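Q: Below is work_5.txt; it holds compact mmCIF, C-alpha atoms.
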```txt
# COMPACT_ATOMS: atom_id res chain seq x y z
CA MET A 1 54.86 -78.27 -96.18
CA THR A 2 55.10 -79.37 -99.80
CA ARG A 3 52.34 -81.23 -101.61
CA ALA A 4 54.44 -84.39 -101.40
CA THR A 5 54.81 -84.21 -97.61
CA GLU A 6 51.10 -83.46 -97.29
CA ALA A 7 50.32 -86.55 -99.32
CA ALA A 8 52.83 -88.64 -97.36
CA ALA A 9 51.32 -87.49 -94.06
CA PHE A 10 47.80 -88.28 -95.26
CA PHE A 11 48.75 -91.77 -96.46
CA GLY A 12 50.85 -92.43 -93.35
CA ILE A 13 48.02 -91.61 -90.97
CA THR A 14 45.42 -93.48 -93.03
CA ALA A 15 47.66 -96.55 -93.28
CA THR A 16 48.36 -96.53 -89.52
CA ILE A 17 44.68 -96.36 -88.64
CA TYR A 18 43.90 -99.06 -91.18
CA LEU A 19 46.62 -101.44 -89.94
CA ALA A 20 45.65 -100.81 -86.33
CA LEU A 21 42.09 -101.87 -87.15
CA LEU A 22 43.12 -104.76 -89.36
CA PHE A 23 45.48 -106.33 -86.82
CA GLN A 24 43.39 -105.22 -83.83
CA TRP A 25 46.28 -103.34 -82.18
CA ILE A 26 43.73 -101.28 -80.34
CA PRO A 27 40.76 -103.19 -78.97
CA ILE A 28 37.91 -101.56 -80.88
CA PRO A 29 35.16 -104.13 -81.25
CA LEU A 30 34.06 -104.24 -84.88
CA PRO A 31 31.28 -106.42 -86.28
CA GLU A 32 32.67 -109.71 -87.48
CA THR A 33 31.74 -109.15 -91.12
CA VAL A 34 33.65 -105.85 -91.15
CA GLN A 35 36.67 -107.40 -89.49
CA GLU A 36 36.70 -110.55 -91.59
CA PHE A 37 35.51 -109.42 -95.00
CA THR A 38 35.43 -105.62 -95.37
CA LEU A 39 38.79 -104.62 -93.92
CA PRO A 40 41.02 -106.95 -95.96
CA VAL A 41 39.61 -105.67 -99.27
CA LEU A 42 39.25 -102.01 -98.27
CA PRO A 43 42.55 -100.80 -99.86
CA TRP A 44 41.65 -102.47 -103.15
CA TRP A 45 38.20 -100.99 -103.00
CA ALA A 46 39.75 -97.56 -102.46
CA LEU A 47 42.19 -98.06 -105.32
CA VAL A 48 39.52 -99.25 -107.75
CA SER A 49 37.20 -96.43 -106.68
CA PHE A 50 39.90 -93.85 -107.26
CA GLY A 51 40.69 -95.36 -110.65
CA ALA A 52 37.03 -95.36 -111.62
CA TYR A 53 36.65 -91.77 -110.43
CA SER A 54 39.72 -90.71 -112.44
CA LEU A 55 38.55 -92.39 -115.62
CA GLY A 56 35.05 -91.02 -115.15
CA ASN A 57 36.37 -87.53 -114.54
CA ILE A 58 38.67 -87.54 -117.57
CA GLY A 59 36.06 -89.23 -119.76
CA TYR A 60 33.35 -86.78 -118.80
CA HIS A 61 35.59 -83.79 -119.42
CA VAL A 62 36.82 -85.12 -122.76
CA MET A 63 33.19 -85.67 -123.78
CA THR A 64 32.17 -82.16 -122.75
CA PHE A 65 35.35 -80.55 -124.16
CA ARG A 66 33.82 -77.97 -126.45
CA ASP A 67 34.93 -77.66 -130.07
CA CYS A 68 34.90 -74.12 -131.30
CA PRO A 69 34.89 -74.10 -135.12
CA GLU A 70 33.33 -70.62 -135.03
CA ALA A 71 36.50 -69.30 -133.37
CA TYR A 72 38.57 -70.89 -136.13
CA HIS A 73 36.48 -69.36 -138.92
CA GLU A 74 36.49 -65.96 -137.26
CA LEU A 75 40.26 -66.14 -136.98
CA GLN A 76 40.65 -67.17 -140.63
CA THR A 77 38.64 -64.15 -141.75
CA GLN A 78 40.66 -61.86 -139.52
CA ILE A 79 43.97 -63.31 -140.70
CA ALA A 80 42.99 -62.50 -144.28
CA GLN A 81 41.92 -58.99 -143.27
CA ALA A 82 45.14 -58.43 -141.34
CA GLN A 83 47.32 -59.64 -144.18
CA ASN A 84 45.55 -57.47 -146.74
CA ASP A 85 45.68 -54.44 -144.49
CA LEU A 86 49.34 -54.91 -143.59
CA ARG A 87 50.36 -55.58 -147.20
CA SER A 88 48.65 -52.36 -148.26
CA LYS A 89 50.75 -50.58 -145.65
CA GLY A 90 53.97 -51.99 -147.04
CA ILE A 91 54.70 -54.82 -144.66
CA SER A 92 56.40 -57.67 -146.54
CA ILE A 93 54.19 -60.67 -145.77
CA MET B 1 37.95 -48.56 -120.27
CA ALA B 2 41.33 -49.20 -118.72
CA GLY B 3 41.50 -45.95 -116.76
CA GLN B 4 45.05 -44.81 -116.14
CA HIS B 5 46.46 -48.29 -116.42
CA LYS B 6 48.89 -49.40 -119.06
CA TYR B 7 49.12 -52.95 -120.33
CA SER B 8 52.39 -54.44 -121.56
CA VAL B 9 52.10 -57.50 -123.78
CA LEU B 10 55.07 -59.86 -123.70
CA LEU B 11 55.52 -61.80 -126.94
CA PRO B 12 58.41 -64.23 -126.86
CA THR B 13 58.99 -65.41 -130.45
CA TYR B 14 61.03 -68.02 -132.27
CA ASN B 15 60.32 -68.46 -135.97
CA GLU B 16 56.99 -66.63 -135.93
CA ARG B 17 57.49 -64.60 -139.10
CA GLU B 18 54.04 -65.50 -140.43
CA ASN B 19 52.20 -65.18 -137.14
CA LEU B 20 53.76 -62.05 -135.69
CA PRO B 21 52.25 -59.45 -138.07
CA VAL B 22 48.76 -60.89 -137.65
CA ILE B 23 48.88 -61.19 -133.87
CA ILE B 24 50.19 -57.62 -133.58
CA TRP B 25 47.46 -56.43 -135.93
CA LEU B 26 44.84 -58.17 -133.79
CA LEU B 27 46.33 -56.81 -130.57
CA THR B 28 46.46 -53.21 -131.74
CA LYS B 29 42.93 -53.48 -133.16
CA THR B 30 41.60 -54.78 -129.85
CA PHE B 31 43.41 -52.17 -127.77
CA GLN B 32 42.42 -49.28 -130.01
CA GLU B 33 38.76 -50.30 -130.19
CA ASN B 34 38.59 -50.62 -126.41
CA ASP B 35 40.61 -47.49 -125.68
CA ILE B 36 43.29 -49.36 -123.74
CA ASP B 37 46.80 -47.96 -123.27
CA TYR B 38 49.30 -50.59 -124.37
CA GLU B 39 52.73 -51.58 -125.52
CA ILE B 40 53.86 -54.81 -127.17
CA ILE B 41 57.28 -56.15 -126.27
CA VAL B 42 58.66 -58.59 -128.83
CA ILE B 43 61.38 -60.80 -127.40
CA ASP B 44 62.84 -62.64 -130.37
CA ASP B 45 65.43 -65.32 -129.75
CA ASN B 46 67.42 -64.75 -132.92
CA SER B 47 64.94 -66.59 -135.21
CA PRO B 48 66.57 -67.72 -138.45
CA ASP B 49 63.35 -67.03 -140.42
CA GLY B 50 63.63 -63.24 -140.06
CA THR B 51 60.99 -62.68 -137.38
CA LEU B 52 62.97 -59.69 -136.11
CA GLU B 53 63.08 -58.08 -139.53
CA ILE B 54 59.31 -58.18 -139.89
CA ALA B 55 59.00 -56.93 -136.32
CA GLN B 56 61.09 -53.90 -137.29
CA GLN B 57 58.72 -53.15 -140.16
CA LEU B 58 55.78 -53.39 -137.76
CA GLN B 59 57.54 -51.09 -135.33
CA LYS B 60 57.85 -48.45 -138.06
CA LEU B 61 54.15 -48.81 -138.83
CA TYR B 62 52.78 -48.70 -135.28
CA GLY B 63 55.41 -46.57 -133.54
CA GLU B 64 58.34 -47.15 -131.23
CA ASP B 65 56.22 -46.42 -128.16
CA ARG B 66 53.80 -49.24 -129.08
CA ILE B 67 56.10 -51.95 -130.40
CA LEU B 68 59.29 -52.53 -128.41
CA LEU B 69 61.92 -54.87 -129.77
CA ARG B 70 64.06 -56.58 -127.18
CA PRO B 71 65.80 -59.39 -129.07
CA ARG B 72 68.18 -61.86 -127.49
CA ALA B 73 71.20 -63.69 -128.86
CA GLY B 74 69.68 -67.17 -128.92
CA LYS B 75 67.07 -69.58 -127.58
CA LEU B 76 67.26 -68.98 -123.86
CA GLY B 77 63.92 -70.26 -122.61
CA LEU B 78 60.52 -68.86 -121.74
CA GLY B 79 61.12 -67.86 -118.12
CA THR B 80 64.13 -65.71 -118.90
CA ALA B 81 62.28 -64.22 -121.88
CA TYR B 82 59.59 -62.96 -119.50
CA ILE B 83 62.17 -61.60 -117.06
CA HIS B 84 63.90 -59.87 -119.95
CA GLY B 85 60.57 -58.44 -121.13
CA ILE B 86 59.44 -57.24 -117.70
CA GLN B 87 62.64 -55.28 -117.25
CA HIS B 88 61.68 -53.19 -120.25
CA ALA B 89 57.94 -53.00 -119.55
CA THR B 90 56.49 -49.61 -118.64
CA GLY B 91 52.94 -50.85 -118.00
CA ASP B 92 51.62 -51.71 -114.55
CA PHE B 93 49.92 -54.84 -115.93
CA ILE B 94 51.43 -57.57 -118.06
CA PHE B 95 49.67 -59.75 -120.61
CA ILE B 96 51.21 -63.06 -121.59
CA LEU B 97 49.99 -65.00 -124.59
CA ASP B 98 51.35 -67.22 -127.35
CA ALA B 99 52.42 -65.42 -130.50
CA ASP B 100 51.02 -68.19 -132.71
CA MET B 101 47.41 -66.92 -132.60
CA SER B 102 46.12 -69.86 -130.61
CA HIS B 103 45.13 -67.17 -128.10
CA HIS B 104 42.86 -64.47 -129.48
CA PRO B 105 43.29 -60.91 -128.18
CA LYS B 106 39.49 -60.42 -128.24
CA PHE B 107 39.38 -61.91 -124.73
CA MET B 108 41.66 -59.25 -123.28
CA PRO B 109 39.03 -56.59 -122.53
CA GLU B 110 37.04 -59.24 -120.63
CA MET B 111 40.12 -60.22 -118.68
CA ILE B 112 40.79 -56.59 -117.81
CA ARG B 113 37.17 -56.07 -116.70
CA LEU B 114 37.31 -59.13 -114.44
CA GLN B 115 40.65 -58.03 -113.00
CA GLN B 116 39.30 -54.59 -112.21
CA SER B 117 36.02 -55.82 -110.75
CA LYS B 118 37.70 -57.92 -108.03
CA ASN B 119 41.21 -56.44 -108.08
CA TYR B 120 42.62 -59.88 -108.93
CA ASP B 121 46.40 -60.35 -108.93
CA VAL B 122 46.15 -62.76 -111.86
CA VAL B 123 43.47 -63.45 -114.46
CA THR B 124 43.94 -66.64 -116.44
CA GLY B 125 42.19 -67.87 -119.57
CA THR B 126 40.62 -71.30 -119.30
CA ARG B 127 39.77 -73.70 -122.11
CA TYR B 128 37.99 -76.02 -119.72
CA ALA B 129 35.23 -73.90 -118.18
CA GLY B 130 32.11 -72.06 -119.32
CA ASN B 131 32.14 -71.21 -122.99
CA GLY B 132 35.82 -72.09 -123.41
CA GLY B 133 36.97 -74.64 -125.94
CA VAL B 134 39.51 -75.79 -128.48
CA TYR B 135 39.74 -76.12 -132.24
CA GLY B 136 41.88 -78.56 -134.18
CA TRP B 137 42.35 -81.23 -131.52
CA ASP B 138 41.55 -84.85 -132.17
CA LEU B 139 40.29 -87.23 -129.51
CA LYS B 140 43.80 -88.36 -128.55
CA ARG B 141 44.99 -84.82 -128.00
CA LYS B 142 41.91 -84.06 -125.89
CA VAL B 143 42.45 -87.15 -123.75
CA ILE B 144 46.11 -86.26 -123.20
CA SER B 145 45.24 -82.68 -122.30
CA ARG B 146 42.46 -83.69 -119.95
CA GLY B 147 44.50 -86.47 -118.39
CA ALA B 148 47.50 -84.20 -117.84
CA ASN B 149 45.31 -81.55 -116.29
CA PHE B 150 43.55 -84.06 -114.04
CA LEU B 151 46.86 -85.49 -112.84
CA ALA B 152 48.18 -82.02 -112.08
CA THR B 153 44.97 -81.10 -110.25
CA VAL B 154 45.16 -84.19 -108.06
CA LEU B 155 48.84 -83.79 -107.26
CA LEU B 156 49.04 -80.02 -106.86
CA ARG B 157 45.48 -78.92 -105.98
CA PRO B 158 45.89 -75.43 -107.40
CA GLY B 159 42.22 -74.42 -107.54
CA VAL B 160 42.46 -73.32 -111.18
CA SER B 161 40.64 -75.19 -113.95
CA ASP B 162 43.24 -74.69 -116.71
CA LEU B 163 46.72 -75.16 -115.35
CA THR B 164 48.73 -75.46 -118.52
CA GLY B 165 47.12 -72.56 -120.35
CA SER B 166 49.35 -69.58 -120.97
CA PHE B 167 46.99 -66.70 -121.77
CA ARG B 168 47.14 -64.58 -118.65
CA LEU B 169 47.03 -61.10 -117.20
CA TYR B 170 49.27 -60.29 -114.25
CA LYS B 171 49.97 -57.33 -112.05
CA LYS B 172 53.52 -56.48 -112.92
CA ASP B 173 55.04 -56.93 -109.44
CA VAL B 174 53.09 -60.18 -109.00
CA LEU B 175 54.56 -61.59 -112.22
CA SER B 176 58.09 -60.58 -111.22
CA LYS B 177 57.73 -62.29 -107.89
CA LEU B 178 56.25 -65.45 -109.42
CA ILE B 179 58.91 -65.78 -112.09
CA SER B 180 61.74 -65.32 -109.65
CA SER B 181 60.40 -68.15 -107.50
CA CYS B 182 59.76 -70.61 -110.35
CA ILE B 183 62.09 -73.51 -111.01
CA SER B 184 60.43 -75.25 -113.97
CA LYS B 185 60.69 -74.98 -117.72
CA GLY B 186 58.36 -75.46 -120.68
CA TYR B 187 54.75 -76.53 -120.13
CA VAL B 188 55.36 -77.04 -116.45
CA PHE B 189 56.51 -73.46 -116.04
CA GLN B 190 53.01 -72.13 -116.79
CA MET B 191 51.63 -74.59 -114.27
CA GLU B 192 54.11 -73.66 -111.58
CA MET B 193 53.17 -70.00 -111.96
CA MET B 194 49.62 -70.85 -110.85
CA VAL B 195 50.73 -73.12 -108.03
CA ARG B 196 53.15 -70.52 -106.72
CA ALA B 197 50.45 -67.86 -107.03
CA ARG B 198 48.27 -69.90 -104.68
CA GLN B 199 51.23 -70.44 -102.38
CA PHE B 200 51.74 -66.68 -102.06
CA ASN B 201 47.99 -66.17 -101.59
CA PHE B 202 47.61 -64.15 -104.76
CA THR B 203 44.04 -63.99 -106.03
CA ILE B 204 43.26 -65.61 -109.38
CA GLY B 205 40.26 -65.05 -111.65
CA GLU B 206 39.31 -67.11 -114.70
CA ILE B 207 37.88 -66.20 -118.10
CA PRO B 208 36.75 -68.89 -120.57
CA ILE B 209 38.74 -68.67 -123.79
CA THR B 210 38.77 -70.50 -127.10
CA PHE B 211 42.03 -72.04 -128.23
CA VAL B 212 42.66 -72.47 -131.94
CA ASP B 213 45.62 -74.76 -132.53
CA ARG B 214 48.33 -73.00 -134.47
CA VAL B 215 47.47 -72.25 -138.05
CA PHE B 216 51.03 -71.70 -139.34
CA GLY B 217 53.78 -74.04 -138.26
CA ASP B 218 53.80 -77.21 -136.23
CA SER B 219 52.13 -77.78 -132.90
CA LYS B 220 54.55 -79.24 -130.43
CA MET B 221 53.15 -82.34 -128.71
CA GLY B 222 54.76 -85.76 -128.78
CA ALA B 223 55.97 -88.52 -126.50
CA MET B 224 58.92 -86.40 -125.41
CA GLU B 225 56.60 -83.61 -124.29
CA ILE B 226 54.52 -86.02 -122.24
CA VAL B 227 57.58 -87.48 -120.51
CA SER B 228 59.06 -84.08 -119.70
CA TYR B 229 55.63 -82.95 -118.49
CA ALA B 230 55.40 -85.90 -116.09
CA GLN B 231 58.92 -85.29 -114.83
CA GLY B 232 58.25 -81.61 -114.28
CA LEU B 233 54.99 -82.37 -112.52
CA LEU B 234 56.67 -84.75 -110.08
CA LYS B 235 59.42 -82.23 -109.43
CA LEU B 236 56.76 -79.66 -108.55
CA PHE B 237 54.89 -82.16 -106.36
CA VAL B 238 58.05 -82.55 -104.29
CA ALA B 239 59.07 -78.91 -104.37
CA VAL B 240 55.91 -76.90 -103.78
```
Before anything else, please render the file you have as structure tokens.

A:
Amino acid sequence: MTRATEAAAFFGITATIYLALLFQWIPIPLPETVQEFTLPVLPWWALVSFGAYSLGNIGYHVMTFRDCPEAYHELQTQIAQAQNDLRSKGISI
Amino acid sequence: MAGQHKYSVLLPTYNERENLPVIIWLLTKTFQENDIDYEIIVIDDNSPDGTLEIAQQLQKLYGEDRILLRPRAGKLGLGTAYIHGIQHATGDFIFILDADMSHHPKFMPEMIRLQQSKNYDVVTGTRYAGNGGVYGWDLKRKVISRGANFLATVLLRPGVSDLTGSFRLYKKDVLSKLISSCISKGYVFQMEMMVRARQFNFTIGEIPITFVDRVFGDSKMGAMEIVSYAQGLLKLFVAV
């Protein structure tokens, strides 16, 4: 099963359960507040939550993305060393 | 430290005349200091800047058993460059890294140690975990990188923190199998290698690495790259 079919299966099943509850296809007694107020906005809540999670995740990881100037300076030194060494051995740099 | 193993480094190049001598110098230094048996396979795609000519000079300096030149007639893509390189590789392990010095060979002994400790099939460098990091990226570039990686993680769930990185150590037969099953090109190709590796139940270890954006030459990242990345990602989402 590819990732796309996995995702399609997941959304298909979730949507079926949701619609069954929303339109009361199966007689599961839910509290009135859930039936009247929670269920209609549940998909939007899920969407907004996922969006918030995504932004939070990316934002957090951008914030904690480490800069490594020491790696740059080390490399600069080594580039100079390499070029001097190779030039002294007759490489045309 | 490497025991009886031999490590083949694949270096696909295109216009890397300035970078190639330095990266080869760094590689040989690292391998010699750590007593690792190695060979470096330079796969040059007929660079107009004379990359091959400088590679020939380096071959004379370091020896024909250490530097192998396997040039090709033109720009034929990364995947085929690796296939071409593997065919000529005599090592039982293959290192893949960029020739532009954004990947530093100093991490190789660590990667080898981790591979040996758990007998991993693949060890990949990660900029996103532990002491990893980048140099030379502005905020925009970081956001794009992080966003792209997040999107790929959500869609493909590969279980690897740095999907688009390309500093990796592979068992030779594992790499051959992965390449032959890959359908993508460019950035997405590196990503697909990890996703396929998971698909085949290969084991993957991670080592934090620092990434210094290329010193000589231009870094390739624009709107076109982002679009082709998104296309490739969706293709993978449907295919894998």

Q: With a distance threshold of 7 Å and counting all atoms listed in the file, extract the residues of chain A near chain B and express them as number ranges by chain.

A: A: 2-4, 58, 61-62, 65-69, 71-72, 79, 82-83, 91

Q: Within 8 Å of B:Leu78, counting only C-alpha atoms, which residues show up once you throw out same-chain ones fewer than 4 positions away? Write them as a short mmCIF file (atom, residue, chain, number, x, y, z; two decimals) with C-alpha atoms, in the frame of the given file, please.

A:
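Listed below is the output, part.cif:
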```
data_model
loop_
_atom_site.label_atom_id
_atom_site.label_comp_id
_atom_site.auth_asym_id
_atom_site.auth_seq_id
_atom_site.Cartn_x
_atom_site.Cartn_y
_atom_site.Cartn_z
CA PRO B 12 58.41 -64.23 -126.86
CA TYR B 82 59.59 -62.96 -119.50
CA LYS B 185 60.69 -74.98 -117.72
CA GLY B 186 58.36 -75.46 -120.68
#
```

Q: What is the distance between atom CA of B:Asp173 and atom CA of B:Thr90, in Å to one decimal?

A: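 Separation between atom CA of B:Asp173 and atom CA of B:Thr90: 11.8 Å.
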
Q: Could you jot down the atom CA of B:Thr30 to atom CA of B:Ile112 separation for me, Å, one decimal place?

A: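 It comes out at 12.2 Å.
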
Q: Skipping near chain neighbours, those fewer than 5 positions away, what residues fall within 10 Å of A:Pro40 using only C-alpha atoms, listed as a PDB file with C-alpha atoms, keeping the file's coordinate frame?

A:
```
ATOM      1  CA  TYR A  18      43.900 -99.060 -91.180  1.00  0.00           C
ATOM      2  CA  LEU A  19      46.620-101.440 -89.940  1.00  0.00           C
ATOM      3  CA  LEU A  22      43.120-104.760 -89.360  1.00  0.00           C
ATOM      4  CA  VAL A  34      33.650-105.850 -91.150  1.00  0.00           C
ATOM      5  CA  GLN A  35      36.670-107.400 -89.490  1.00  0.00           C
ATOM      6  CA  TRP A  45      38.200-100.990-103.000  1.00  0.00           C
TER       7      TRP A  45
END
```

Q: Could you state the separation of atom CA of B:Asp45 and atom CA of B:Lys75 in Å, given to one decimal place?

A: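 About the pair atom CA of B:Asp45 and atom CA of B:Lys75: they are 5.1 Å apart.
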
Q: Under the rule that all atoms listed in the file are counted, which of A:Gln76, A:Gln81, A:Ser88, A:Thr14 is the nearest residue to A:Leu42?

A: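 Smallest separation from A:Leu42 among the options: A:Thr14.
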
Q: List as number ranges by chain the protein and nucleic acid residues near B:Ser176, meaning an atom at most 8 Å away when only C-alpha atoms are counted, but skip any in the same chain fewer than 4 places from it.

A: B: 83, 86, 172, 180

Q: Using only C-alpha atoms, find the one residue out of B:Ser117, B:Pro109, B:Val174, B:Val188 that sits nearest to B:Gly232.

A: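 Among the listed residues, the smallest separation from B:Gly232 belongs to B:Val188.
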